[in-house]
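Visitor: Could you have a look at this structure, given as structure tokens, before my questions?
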There are 2 protein chains.
Amino acid sequence: MAKSLQPHSSSGVENSVARSCSACSMRQICLPTGLNELETRLLDQIIVRKKIARDSYLYRIGDPFTSLYAVRVGHFKTYQENLAGDRQINGFQMSGELLGMDAISSARHQCDAVALDDSEVCVIPYPQLESLFTEMPMLMRHFHRVMSEEIMGEQNVIMILGNMYAEQRFAAFLINLSRRYALRGYSPTRFQLRMTREDIGNYLGLTMESVSRMIAKMRKEGIIEVRQRDVEVLNLSALNRIAAGIDSSSLHASVEMPSVVTEYNYLSPQLTHLQRLGILK
Amino acid sequence: MAKSLQPHSSSGVENSVARSCSACSMRQICLPTGLNELETRLLDQIIVRKKIARDSYLYRIGDPFTSLYAVRVGHFKTYQENLAGDRQINGFQMSGELLGMDAISSARHQCDAVALDDSEVCVIPYPQLESLFTEMPMLMRHFHRVMSEEIMGEQNVIMILGNMYAEQRFAAFLINLSRRYALRGYSPTRFQLRMTREDIGNYLGLTMESVSRMIAKMRKEGIIEVRQRDVEVLNLSALNRIAAGIDSSSLHASVEMPSVVTEYNYLSPQLTHLQRLGILK
DNA sequence: CGTTACGTTGAACGTATTCAATTTGCGTGG
DNA sequence: CCACGCAAATTGAATACGTTCAACGTAACG
């Protein structure tokens, strides 16, 4: 194998392991979950990394499908486009999440995937991945779980879009982000929005203006604090109540009170009631 | 193997093959697609059939996940439920389609699945199915395509719910049904709605009343004829234009005119532009 | 033939959108 | 360092789309 093309290699002994799945902080969330050392190494051998600059495409609608992509660093959005040129954002992806699974059946990508930050992905050639499945049932099983999670996640979006008011939608959106950051070891209450208000609105089936109004409302009620794209969740249970649609807005949301809604456990691998109900991913 | 438990067996030589995938009219659409005779037989061995009466559950939210289900006869709806008890229908399933894939990751069903007709399903024990994948790469690959199609289908719903007006939504709904019936050898222009207006509205993020009004509007414009649940599509290209959002309603929709929208091919296994755009499944 | 579930239609209402004006933040150049 | 220009975000007022509420129809079934 050729030496690293990266400048500033810390030493000459830097080898493939140093940049392998085993050394990746996302290995408990990403594809190698549950694999042993040897298996991880086998998976490593088919993966290469790739940097994607902010606002540039990872892939585009119609591109031939060759690989899945795991986000290593950064964030992405994926969207469809209709004949009139309107876009619908399907989701925002962060580290450890897989992109491109919707392209398997048609062999062409069905979405555009755009980096929201300067990002880095692991390129996973799909035919080789499928070949590995035969030798590595654990990998296959986990892959199926990942696809199933993707389906669940989209069902949650369907619930949001089909059944919720603007305020509920935005609350559900924040809760979802909160939980995903918590899973990655980040704060569930303080994080940055990586996307514009317009992107959020598009994703939630609202306009940018409506999103802005929901933010203003929740700020006024002391549920969140937002400066630019920095979000602080001040009252998560109020957010949960709003998303669940059991918050009569006559109640003072800032008053913490025993609630019917079970507080969810940010780190539990088990699904909570709220997740099951589509409020969380 | 025991003799058939069914009454009225036409003869004593009726064996397992007579009720196998090889003999099933859905084999080109369902799981055994692409398998050879031997492989199909292996798949058969893990499958049993089950009848589900109209309005009864195939599975319920929270049920332990043991099997996937392929619809053999009849129709189903699947829906999620939120804390307030509101339901959101995720989809309607017809013959040859697979149910339960959203349960793989959590090992519990995430939806209720209810039969809209007296129906029959093939019960596919999931652990055994996964075991087969190791020996039958074709089966595995097709399964991945099926899951990927499920993801695509849900992305289409997201597009409908996030981006379309009531009229577009209903048009997209009809087009989707039309195409799926066509794939099964039925008429793309005459079919029965198996669900109530309320179910349609729920699925499309509308009320029953709105659906009713859209039907009335399209009838008045000569695009469809509807009597009870019998639908006849009189002007499919108008329907396509409406769904695509390129139909200025000032134009007389009943006048057939050259359109930017490519007429889609009902039977092509290839994805058309419209499908890709989320208007079709 | 009444009962019930499902569907249609009309009118008033409400939520989110549209359109427009302003504000804020940030990068660039004078 | 401030001025400028641009993109993103906020806010307000008018409008529109679909909902809600209510009354009426229609078909299936005992």
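The chains in the structure tokens are called A, B, ... from first to last as shown; in each chain the residues are counted from 1, and the ligands are counted from 1 in the order shown.
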Please, which residues of chain C lie no more than 12 Å from chain A when the count uses only C-alpha atoms (C1' of nucleotides), and can they be set out as a list of chain:residue names?
Guide: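 Output check: C:DG14, C:DT15, C:DA16, C:DT17, C:DT18, C:DC19, C:DT24, C:DG25, C:DC26.
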Visitor: Write out the residues from the selection above, keeping C-alpha atoms (C1' of nucleotides), as a PDB file, in the first residue's frame.
Guide:
```
ATOM      1  C1'  DG C  14     -57.996  28.606  11.749  1.00  0.00           C
ATOM      2  C1'  DT C  15     -53.300  27.511  10.691  1.00  0.00           C
ATOM      3  C1'  DA C  16     -49.728  28.243   7.924  1.00  0.00           C
ATOM      4  C1'  DT C  17     -48.429  30.661   3.626  1.00  0.00           C
ATOM      5  C1'  DT C  18     -47.422  34.490   0.887  1.00  0.00           C
ATOM      6  C1'  DC C  19     -45.750  38.867   0.226  1.00  0.00           C
ATOM      7  C1'  DT C  24     -28.985  40.874  11.915  1.00  0.00           C
ATOM      8  C1'  DG C  25     -24.632  38.922  11.036  1.00  0.00           C
ATOM      9  C1'  DC C  26     -20.641  38.361   8.362  1.00  0.00           C
TER      10       DC C  26
END
```
Visitor: With a distance threshold of 8 Å and counting only C-alpha atoms (C1' of nucleotides), extract the residues of chain D near chain A and express them as a list of chain:residue names.
Guide: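 Going by the stated atoms only, the list reads D:DA8, D:DA9, D:DT10.
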Visitor: Can you list every residue of chain A that has an atom at most 7 Å from chain B, with its nearest atom pair and the distance in Å to one decimal, using only C-alpha atoms, ordered by chain then number, as a tab-separated table?
Guide:
```
residue	atom	partner	partner_atom	distance
A:Gln80	CA	B:Leu277	CA	6.6
A:Glu81	CA	B:Leu277	CA	6.0
A:Asn82	CA	B:Leu277	CA	5.1
A:Leu83	CA	B:Ala244	CA	6.1
A:Ala84	CA	B:Gly245	CA	6.6
A:Gln88	CA	B:Met159	CA	5.9
A:Asn90	CA	B:Gln155	CA	6.8
A:Met101	CA	B:Ser148	CA	6.0
A:Asp102	CA	B:Ser148	CA	4.9
A:Ala103	CA	B:Ser148	CA	6.8
A:Ile104	CA	B:Arg145	CA	5.7
A:Ser105	CA	B:Arg145	CA	4.1
A:Gln110	CA	B:Arg276	CA	6.2
A:Thr134	CA	B:Thr134	CA	5.0
A:Arg145	CA	B:Ser105	CA	4.1
A:Val146	CA	B:Ser105	CA	6.9
A:Ser148	CA	B:Asp102	CA	4.9
A:Glu149	CA	B:Ser105	CA	5.9
A:Ile151	CA	B:Asp102	CA	5.7
A:Met152	CA	B:Asp102	CA	5.6
A:Glu154	CA	B:Glu154	CA	6.5
A:Gln155	CA	B:Asn90	CA	6.8
A:Ile158	CA	B:Ile158	CA	5.9
A:Met159	CA	B:Gln88	CA	5.9
A:Leu161	CA	B:Leu161	CA	5.8
A:Gly162	CA	B:Gly205	CA	4.3
A:Asn163	CA	B:Gly205	CA	6.6
A:Leu204	CA	B:Gly162	CA	6.9
A:Gly205	CA	B:Gly162	CA	4.3
A:Ala244	CA	B:Leu83	CA	6.1
A:Gly245	CA	B:Ala84	CA	6.6
A:Ile246	CA	B:Ala84	CA	6.8
A:Leu271	CA	B:Ser106	CA	7.0
A:Arg276	CA	B:Gln110	CA	6.2
A:Leu277	CA	B:Asn82	CA	5.1
```
Visitor: Could you name the residues that touch B:Ser25 at 9 Å or less, counting only C-alpha atoms (C1' of nucleotides), but leaving out those on the same chain fewer than 6 positions away, as a short mmCIF file (atom, residue, chain, number, x, y, z; two decimals) with all heavy atoms, in the first residue's frame?
Guide:
```cif
data_model
loop_
_atom_site.label_atom_id
_atom_site.label_comp_id
_atom_site.auth_asym_id
_atom_site.auth_seq_id
_atom_site.Cartn_x
_atom_site.Cartn_y
_atom_site.Cartn_z
N ARG B 72 -50.30 -12.38 -0.01
CA ARG B 72 -50.62 -13.27 -1.13
C ARG B 72 -51.94 -12.86 -1.77
O ARG B 72 -52.04 -12.71 -2.98
CB ARG B 72 -50.73 -14.71 -0.63
CG ARG B 72 -49.84 -15.69 -1.37
CD ARG B 72 -50.09 -17.09 -0.87
NE ARG B 72 -51.36 -17.60 -1.36
CZ ARG B 72 -51.57 -18.00 -2.61
NH1 ARG B 72 -50.61 -17.95 -3.50
NH2 ARG B 72 -52.75 -18.45 -2.99
N GLY B 96 -48.00 -9.50 -3.15
CA GLY B 96 -46.60 -9.50 -3.54
C GLY B 96 -45.74 -8.55 -2.73
O GLY B 96 -44.52 -8.54 -2.89
N ARG B 184 -49.35 -5.88 -11.56
CA ARG B 184 -49.91 -7.18 -11.19
C ARG B 184 -50.84 -7.73 -12.27
O ARG B 184 -51.51 -8.73 -12.07
CB ARG B 184 -50.65 -7.05 -9.86
CG ARG B 184 -49.68 -6.96 -8.71
CD ARG B 184 -50.25 -6.37 -7.46
NE ARG B 184 -49.21 -6.31 -6.44
CZ ARG B 184 -48.20 -5.43 -6.43
NH1 ARG B 184 -48.13 -4.51 -7.38
NH2 ARG B 184 -47.27 -5.48 -5.50
#
```
Visitor: Quick one: pick out all strand (DSSP E) residues within stretch 76-268 of chain B from a backbone DSSP run and write them as an MDAnalysis selection string.
Guide: chainID B and resid 76:81 87:93 98:99 112:115 119:125 190:192 224:227 230:233
Visitor: Please identify all polymer residues within 12 Å of C:DT3, counting only C-alpha atoms (C1' of nucleotides), omitting same-chain residues fewer than 5 positions from it, and present them as a PDB file with N, CA, C and O atoms (P, O5', C5', C4', C3', O3' and C1' of nucleotides), in the first residue's frame.
Guide:
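Result file around_6.pdb:
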```pdb
ATOM      1  P    DA D  28     -74.560  -1.173  -1.948  1.00  0.00           P
ATOM      2  O5'  DA D  28     -74.460  -1.953  -0.554  1.00  0.00           O
ATOM      3  C5'  DA D  28     -73.338  -1.726   0.293  1.00  0.00           C
ATOM      4  C4'  DA D  28     -73.631  -2.247   1.687  1.00  0.00           C
ATOM      5  C3'  DA D  28     -74.210  -3.672   1.709  1.00  0.00           C
ATOM      6  O3'  DA D  28     -73.517  -4.408   2.705  1.00  0.00           O
ATOM      7  C1'  DA D  28     -75.599  -2.198   2.929  1.00  0.00           C
ATOM      8  P    DC D  29     -73.783  -5.933   2.859  1.00  0.00           P
ATOM      9  O5'  DC D  29     -74.710  -5.995   4.147  1.00  0.00           O
ATOM     10  C5'  DC D  29     -74.362  -5.254   5.316  1.00  0.00           C
ATOM     11  C4'  DC D  29     -75.393  -5.506   6.399  1.00  0.00           C
ATOM     12  C3'  DC D  29     -76.059  -6.884   6.285  1.00  0.00           C
ATOM     13  O3'  DC D  29     -76.149  -7.484   7.572  1.00  0.00           O
ATOM     14  C1'  DC D  29     -77.696  -5.183   6.326  1.00  0.00           C
ATOM     15  P    DG D  30     -76.357  -9.020   7.669  1.00  0.00           P
ATOM     16  O5'  DG D  30     -77.495  -9.099   8.776  1.00  0.00           O
ATOM     17  C5'  DG D  30     -77.188  -8.763  10.129  1.00  0.00           C
ATOM     18  C4'  DG D  30     -78.378  -8.052  10.746  1.00  0.00           C
ATOM     19  C3'  DG D  30     -79.577  -8.972  10.949  1.00  0.00           C
ATOM     20  O3'  DG D  30     -79.640  -9.346  12.340  1.00  0.00           O
ATOM     21  C1'  DG D  30     -80.205  -6.857   9.961  1.00  0.00           C
TER      22       DG D  30
END
```
Visitor: As an mmCIF file with all heavy atoms, in the first residue's frame, please: the residues near stretch 10-12 of chain C (cut-off 10 Å, only C-alpha atoms (C1' of nucleotides), same-chain neighbours under 4 positions excluded).
Guide:
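Result saved to selection.cif:
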```
data_model
loop_
_atom_site.group_PDB
_atom_site.id
_atom_site.type_symbol
_atom_site.label_atom_id
_atom_site.label_comp_id
_atom_site.auth_asym_id
_atom_site.auth_seq_id
_atom_site.Cartn_x
_atom_site.Cartn_y
_atom_site.Cartn_z
ATOM 1 P P DT D 20 -59.310 19.257 11.772
ATOM 2 O OP1 DT D 20 -58.416 19.231 12.933
ATOM 3 O OP2 DT D 20 -59.704 18.028 11.070
ATOM 4 O "O5'" DT D 20 -60.652 20.006 12.215
ATOM 5 C "C5'" DT D 20 -60.581 21.366 12.641
ATOM 6 C "C4'" DT D 20 -61.988 21.916 12.823
ATOM 7 O "O4'" DT D 20 -62.548 22.277 11.542
ATOM 8 C "C3'" DT D 20 -62.968 20.934 13.476
ATOM 9 O "O3'" DT D 20 -63.590 21.625 14.546
ATOM 10 C "C2'" DT D 20 -63.954 20.597 12.360
ATOM 11 C "C1'" DT D 20 -63.887 21.844 11.490
ATOM 12 N N1 DT D 20 -64.177 21.663 10.041
ATOM 13 C C2 DT D 20 -64.962 22.595 9.406
ATOM 14 O O2 DT D 20 -65.453 23.555 9.968
ATOM 15 N N3 DT D 20 -65.141 22.362 8.054
ATOM 16 C C4 DT D 20 -64.638 21.316 7.312
ATOM 17 O O4 DT D 20 -64.876 21.226 6.112
ATOM 18 C C5 DT D 20 -63.827 20.382 8.046
ATOM 19 C C7 DT D 20 -63.225 19.209 7.328
ATOM 20 C C6 DT D 20 -63.636 20.594 9.359
ATOM 21 P P DC D 21 -64.429 20.874 15.661
ATOM 22 O OP1 DC D 21 -64.179 21.551 16.939
ATOM 23 O OP2 DC D 21 -64.233 19.423 15.513
ATOM 24 O "O5'" DC D 21 -65.924 21.215 15.195
ATOM 25 C "C5'" DC D 21 -66.261 22.567 14.909
ATOM 26 C "C4'" DC D 21 -67.615 22.637 14.233
ATOM 27 O "O4'" DC D 21 -67.457 22.400 12.818
ATOM 28 C "C3'" DC D 21 -68.627 21.609 14.740
ATOM 29 O "O3'" DC D 21 -69.838 22.286 15.005
ATOM 30 C "C2'" DC D 21 -68.747 20.625 13.582
ATOM 31 C "C1'" DC D 21 -68.503 21.558 12.394
ATOM 32 N N1 DC D 21 -68.074 20.902 11.139
ATOM 33 C C2 DC D 21 -68.520 21.422 9.913
ATOM 34 O O2 DC D 21 -69.245 22.414 9.918
ATOM 35 N N3 DC D 21 -68.121 20.827 8.764
ATOM 36 C C4 DC D 21 -67.330 19.757 8.816
ATOM 37 N N4 DC D 21 -66.969 19.202 7.649
ATOM 38 C C5 DC D 21 -66.864 19.206 10.037
ATOM 39 C C6 DC D 21 -67.258 19.805 11.174
ATOM 40 P P DA D 22 -71.051 21.566 15.755
ATOM 41 O OP1 DA D 22 -71.557 22.536 16.748
ATOM 42 O OP2 DA D 22 -70.645 20.202 16.160
ATOM 43 O "O5'" DA D 22 -72.120 21.434 14.584
ATOM 44 C "C5'" DA D 22 -72.367 22.544 13.734
ATOM 45 C "C4'" DA D 22 -73.165 22.096 12.537
ATOM 46 O "O4'" DA D 22 -72.273 21.533 11.541
ATOM 47 C "C3'" DA D 22 -74.204 21.011 12.837
ATOM 48 O "O3'" DA D 22 -75.444 21.399 12.299
ATOM 49 C "C2'" DA D 22 -73.645 19.778 12.153
ATOM 50 C "C1'" DA D 22 -72.905 20.415 10.979
ATOM 51 N N9 DA D 22 -71.892 19.552 10.380
ATOM 52 C C8 DA D 22 -70.987 18.747 11.022
ATOM 53 N N7 DA D 22 -70.206 18.075 10.198
ATOM 54 C C5 DA D 22 -70.629 18.472 8.936
ATOM 55 C C6 DA D 22 -70.201 18.131 7.646
ATOM 56 N N6 DA D 22 -69.218 17.274 7.405
ATOM 57 N N1 DA D 22 -70.839 18.719 6.607
ATOM 58 C C2 DA D 22 -71.831 19.578 6.858
ATOM 59 N N3 DA D 22 -72.318 19.976 8.024
ATOM 60 C C4 DA D 22 -71.662 19.380 9.034
ATOM 61 P P DA D 23 -76.789 20.663 12.694
ATOM 62 O OP1 DA D 23 -77.644 21.641 13.393
ATOM 63 O OP2 DA D 23 -76.479 19.369 13.324
ATOM 64 O "O5'" DA D 23 -77.408 20.394 11.253
ATOM 65 C "C5'" DA D 23 -77.315 21.404 10.254
ATOM 66 C "C4'" DA D 23 -77.399 20.745 8.898
ATOM 67 O "O4'" DA D 23 -76.155 20.051 8.638
ATOM 68 C "C3'" DA D 23 -78.512 19.700 8.791
ATOM 69 O "O3'" DA D 23 -79.320 20.007 7.662
ATOM 70 C "C2'" DA D 23 -77.776 18.379 8.645
ATOM 71 C "C1'" DA D 23 -76.461 18.823 8.020
ATOM 72 N N9 DA D 23 -75.350 17.898 8.245
ATOM 73 C C8 DA D 23 -74.915 17.383 9.429
ATOM 74 N N7 DA D 23 -73.885 16.571 9.319
ATOM 75 C C5 DA D 23 -73.630 16.566 7.961
ATOM 76 C C6 DA D 23 -72.650 15.899 7.187
ATOM 77 N N6 DA D 23 -71.744 15.090 7.709
ATOM 78 N N1 DA D 23 -72.673 16.117 5.854
ATOM 79 C C2 DA D 23 -73.596 16.922 5.341
ATOM 80 N N3 DA D 23 -74.556 17.609 5.958
ATOM 81 C C4 DA D 23 -74.519 17.373 7.288
#
```
Visitor: Per DSSP on the backbone, what are the helix (DSSP H, G or I) residues of stretch 86-222 of chain A, as an NGL selection string?
Guide: :A and (101-103 or 126-135 or 137-163 or 166-183 or 197-204 or 208-220)
Visitor: Using only C-alpha atoms, which of the listed residues (A:Val233, A:Ser22, A:Asp44, A:Arg194) sits closest to A:Leu132?
Guide: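 That would be A:Asp44, the residue with the smallest distance to A:Leu132.
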Visitor: Within 10 Å of B:Ser119, counting only C-alpha atoms (C1' of nucleotides), which residues qualify if same-chain residues fewer than 3 places away don't, as JSON, numbers by chain?
Guide: {"B": [50, 51, 52, 53, 54, 55, 56, 58, 71, 72, 73, 74, 75, 76, 94, 95, 114, 115, 116]}
